[in-house]
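The structure appears below as structure tokens.
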Amino acid sequence: VLTVAFAPDGQSIFTGSGEHTVTRWDLQGNPIQALEAPTRPLAFSPDGQFMLTAGQENNAVLWDLQGNRLQEF
């Protein structure tokens, strides 16, 4: 695990790993969802509906919290 971020609603945690995976966990430690993504959850939108990830590929990806890749920068 390279990074950890709480979801804005405080109900889940996101971790980023060196295997290009971002995993969403519930607060009991159970995985909810995994995204093949750049390695680090970077930021959440103020309304908590979107997450931005970034990695060593010099890119950032915008996601909704259902795991849909919306835009790459």
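Labels used: A, B, ... for chains in the order of the structure tokens, numbers from 1 for residues in each chain, and numbers from 1 for ligands as shown.
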
Exercise: range 24-34 of chain A partners within 6 Å, only C-alpha atoms, chain neighbours under 2 positions left out, as JSON, numbers by chain
{"A": [12, 13, 14, 22]}

Just the selected residues (all heavy atoms), exported as an mmCIF file, in the first residue's frame, please.
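Once written, part.cif looks like this:
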data_model
loop_
_atom_site.group_PDB
_atom_site.id
_atom_site.type_symbol
_atom_site.label_atom_id
_atom_site.label_comp_id
_atom_site.auth_asym_id
_atom_site.auth_seq_id
_atom_site.Cartn_x
_atom_site.Cartn_y
_atom_site.Cartn_z
ATOM 1 N N SER A 12 -15.969 4.693 4.028
ATOM 2 C CA SER A 12 -15.051 3.760 3.373
ATOM 3 C C SER A 12 -13.671 4.392 3.264
ATOM 4 O O SER A 12 -13.498 5.595 3.445
ATOM 5 C CB SER A 12 -15.574 3.339 1.995
ATOM 6 O OG SER A 12 -15.794 4.448 1.159
ATOM 7 N N ILE A 13 -12.695 3.527 2.981
ATOM 8 C CA ILE A 13 -11.297 3.926 2.854
ATOM 9 C C ILE A 13 -10.802 3.450 1.506
ATOM 10 O O ILE A 13 -11.153 2.358 1.047
ATOM 11 C CB ILE A 13 -10.453 3.264 3.970
ATOM 12 C CG1 ILE A 13 -10.956 3.708 5.347
ATOM 13 C CG2 ILE A 13 -8.972 3.574 3.800
ATOM 14 C CD1 ILE A 13 -10.411 2.879 6.483
ATOM 15 N N PHE A 14 -9.992 4.261 0.854
ATOM 16 C CA PHE A 14 -9.371 3.893 -0.416
ATOM 17 C C PHE A 14 -7.878 3.713 -0.203
ATOM 18 O O PHE A 14 -7.237 4.523 0.472
ATOM 19 C CB PHE A 14 -9.598 4.991 -1.459
ATOM 20 C CG PHE A 14 -11.013 5.062 -1.961
ATOM 21 C CD1 PHE A 14 -12.001 5.661 -1.206
ATOM 22 C CD2 PHE A 14 -11.352 4.521 -3.189
ATOM 23 C CE1 PHE A 14 -13.301 5.737 -1.664
ATOM 24 C CE2 PHE A 14 -12.646 4.587 -3.654
ATOM 25 C CZ PHE A 14 -13.622 5.193 -2.894
ATOM 26 N N VAL A 22 -6.440 0.565 -7.092
ATOM 27 C CA VAL A 22 -7.034 1.337 -6.012
ATOM 28 C C VAL A 22 -8.178 0.494 -5.476
ATOM 29 O O VAL A 22 -9.050 0.071 -6.230
ATOM 30 C CB VAL A 22 -7.538 2.708 -6.502
ATOM 31 C CG1 VAL A 22 -8.315 3.414 -5.409
ATOM 32 C CG2 VAL A 22 -6.366 3.571 -6.967
#

CA of Ser17 in chain A to CA of Leu70 in chain A, distance in Å rounded to a single decimal
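According to the coordinates, CA of Ser17 in chain A and CA of Leu70 in chain A are separated by 20.8 Å.
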
Name all residues at most 12 Å from Glu19 in chain A (count only C-alpha atoms; drop same-chain ones fewer than 3 positions away) and give them as a compact mmCIF listing (two decimals) with N, CA and C atoms, in the first residue's frame.
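Listed below is the output, selection.txt:
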# COMPACT_ATOMS: atom_id res chain seq x y z
N VAL A 1 0.85 -1.18 0.00
CA VAL A 1 0.00 0.00 0.00
C VAL A 1 0.89 1.23 0.00
N LEU A 2 0.65 2.12 -0.96
CA LEU A 2 1.44 3.35 -1.07
C LEU A 2 0.72 4.57 -0.51
N THR A 15 -7.32 2.64 -0.77
CA THR A 15 -5.88 2.43 -0.73
C THR A 15 -5.36 2.33 -2.15
N GLY A 16 -4.14 2.79 -2.35
CA GLY A 16 -3.47 2.67 -3.64
C GLY A 16 -2.24 1.81 -3.48
N VAL A 22 -6.44 0.57 -7.09
CA VAL A 22 -7.03 1.34 -6.01
C VAL A 22 -8.18 0.49 -5.48
N THR A 23 -8.16 0.23 -4.18
CA THR A 23 -9.19 -0.61 -3.56
C THR A 23 -9.99 0.21 -2.57
N ALA A 34 -12.43 -2.84 -6.46
CA ALA A 34 -11.05 -2.59 -6.87
C ALA A 34 -11.07 -1.99 -8.27
N LEU A 35 -10.24 -0.99 -8.47
CA LEU A 35 -10.12 -0.32 -9.76
C LEU A 35 -8.71 -0.51 -10.28
N GLU A 36 -8.58 -0.85 -11.54
CA GLU A 36 -7.25 -0.83 -12.16
C GLU A 36 -6.99 0.62 -12.50
N ALA A 37 -6.07 1.23 -11.77
CA ALA A 37 -5.91 2.67 -11.82
C ALA A 37 -4.47 3.05 -11.54
N PRO A 38 -4.11 4.29 -11.89
CA PRO A 38 -2.84 4.81 -11.38
C PRO A 38 -2.83 4.64 -9.86
N THR A 39 -1.68 4.66 -9.28
CA THR A 39 -1.49 4.09 -7.95
C THR A 39 -2.04 4.87 -6.77
N ARG A 40 -2.39 6.11 -6.91
CA ARG A 40 -2.72 6.88 -5.71
C ARG A 40 -4.06 7.60 -5.80
N GLY A 55 -0.57 8.67 -10.86
CA GLY A 55 0.48 7.69 -10.71
C GLY A 55 1.76 8.09 -11.41
N GLN A 56 2.64 7.13 -11.53
CA GLN A 56 3.94 7.38 -12.12
C GLN A 56 3.89 7.48 -13.64

Enumerate the residues of chain A with a DSSP assignment of strand (DSSP E), computed from the backbone, and present them as number ranges by chain.
A: 3-6, 12-16, 21-26, 31-36, 40-44, 50-54, 60-64, 69-72

Got time to write the residues from that selection, C-alpha atoms, as a short mmCIF file (atom, residue, chain, number, x, y, z; two decimals), in the first residue's frame?
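The result, written out as again-v1.cif:
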data_model
loop_
_atom_site.label_atom_id
_atom_site.label_comp_id
_atom_site.auth_asym_id
_atom_site.auth_seq_id
_atom_site.Cartn_x
_atom_site.Cartn_y
_atom_site.Cartn_z
CA THR A 3 -1.36 5.66 -0.01
CA VAL A 4 -4.61 5.77 1.98
CA ALA A 5 -7.57 8.18 1.81
CA PHE A 6 -10.90 8.33 3.62
CA SER A 12 -15.05 3.76 3.37
CA ILE A 13 -11.30 3.93 2.85
CA PHE A 14 -9.37 3.89 -0.42
CA THR A 15 -5.88 2.43 -0.73
CA GLY A 16 -3.47 2.67 -3.64
CA THR A 21 -4.88 -0.97 -8.09
CA VAL A 22 -7.03 1.34 -6.01
CA THR A 23 -9.19 -0.61 -3.56
CA ARG A 24 -12.21 0.66 -1.67
CA TRP A 25 -12.70 -0.90 1.79
CA ASP A 26 -15.49 -0.76 4.33
CA PRO A 31 -12.87 -4.92 0.15
CA ILE A 32 -15.85 -3.32 -1.62
CA GLN A 33 -14.37 -2.66 -5.04
CA ALA A 34 -11.05 -2.59 -6.87
CA LEU A 35 -10.12 -0.32 -9.76
CA GLU A 36 -7.25 -0.83 -12.16
CA ARG A 40 -2.72 6.88 -5.71
CA PRO A 41 -6.13 8.23 -4.73
CA LEU A 42 -5.30 11.90 -4.92
CA ALA A 43 -8.42 13.89 -4.12
CA PHE A 44 -12.17 13.72 -3.83
CA PHE A 50 -15.78 11.83 -7.76
CA MET A 51 -12.20 10.76 -7.10
CA LEU A 52 -9.00 11.73 -8.88
CA THR A 53 -6.13 9.23 -9.03
CA ALA A 54 -2.57 9.83 -10.16
CA ALA A 60 -4.46 11.56 -13.64
CA VAL A 61 -7.82 9.83 -13.98
CA LEU A 62 -11.22 11.11 -12.86
CA TRP A 63 -13.61 8.41 -11.53
CA ASP A 64 -17.10 8.30 -10.16
CA ARG A 69 -13.45 5.95 -15.52
CA LEU A 70 -14.72 9.35 -16.68
CA GLN A 71 -11.70 11.27 -17.98
CA GLU A 72 -7.93 10.91 -18.26
#

Test item: residues at most 10 Å from Gln49 in chain A, only C-alpha atoms, excluding those fewer than 6 positions along its chain, as a PyMOL selection string
chain A and resi 7-9+63-66

Can those selected residues be exported to a file as a PDB file, in the first residue's frame so that it contains N, CA, C and O atoms?
ATOM      1  N   ALA A   7     -12.904   8.221   2.262  1.00  0.00           N
ATOM      2  CA  ALA A   7     -13.951   8.780   1.415  1.00  0.00           C
ATOM      3  C   ALA A   7     -14.583   9.953   2.164  1.00  0.00           C
ATOM      4  O   ALA A   7     -14.631   9.945   3.403  1.00  0.00           O
ATOM      5  N   PRO A   8     -15.069  10.954   1.449  1.00  0.00           N
ATOM      6  CA  PRO A   8     -15.643  12.121   2.120  1.00  0.00           C
ATOM      7  C   PRO A   8     -16.813  11.801   3.052  1.00  0.00           C
ATOM      8  O   PRO A   8     -17.031  12.501   4.020  1.00  0.00           O
ATOM      9  N   ASP A   9     -17.544  10.724   2.772  1.00  0.00           N
ATOM     10  CA  ASP A   9     -18.671  10.378   3.638  1.00  0.00           C
ATOM     11  C   ASP A   9     -18.239   9.671   4.917  1.00  0.00           C
ATOM     12  O   ASP A   9     -19.043   9.400   5.799  1.00  0.00           O
ATOM     13  N   TRP A  63     -12.699   9.542 -11.705  1.00  0.00           N
ATOM     14  CA  TRP A  63     -13.609   8.408 -11.531  1.00  0.00           C
ATOM     15  C   TRP A  63     -14.868   8.859 -10.823  1.00  0.00           C
ATOM     16  O   TRP A  63     -14.819   9.765  -9.993  1.00  0.00           O
ATOM     17  N   ASP A  64     -15.986   8.189 -11.093  1.00  0.00           N
ATOM     18  CA  ASP A  64     -17.099   8.298 -10.158  1.00  0.00           C
ATOM     19  C   ASP A  64     -16.906   7.189  -9.127  1.00  0.00           C
ATOM     20  O   ASP A  64     -16.077   6.295  -9.307  1.00  0.00           O
ATOM     21  N   LEU A  65     -17.626   7.240  -8.037  1.00  0.00           N
ATOM     22  CA  LEU A  65     -17.384   6.279  -6.968  1.00  0.00           C
ATOM     23  C   LEU A  65     -18.022   4.917  -7.233  1.00  0.00           C
ATOM     24  O   LEU A  65     -17.898   4.006  -6.421  1.00  0.00           O
ATOM     25  N   GLN A  66     -18.654   4.748  -8.382  1.00  0.00           N
ATOM     26  CA  GLN A  66     -19.124   3.433  -8.802  1.00  0.00           C
ATOM     27  C   GLN A  66     -18.040   2.697  -9.592  1.00  0.00           C
ATOM     28  O   GLN A  66     -18.233   1.571 -10.017  1.00  0.00           O
TER      29      GLN A  66
END
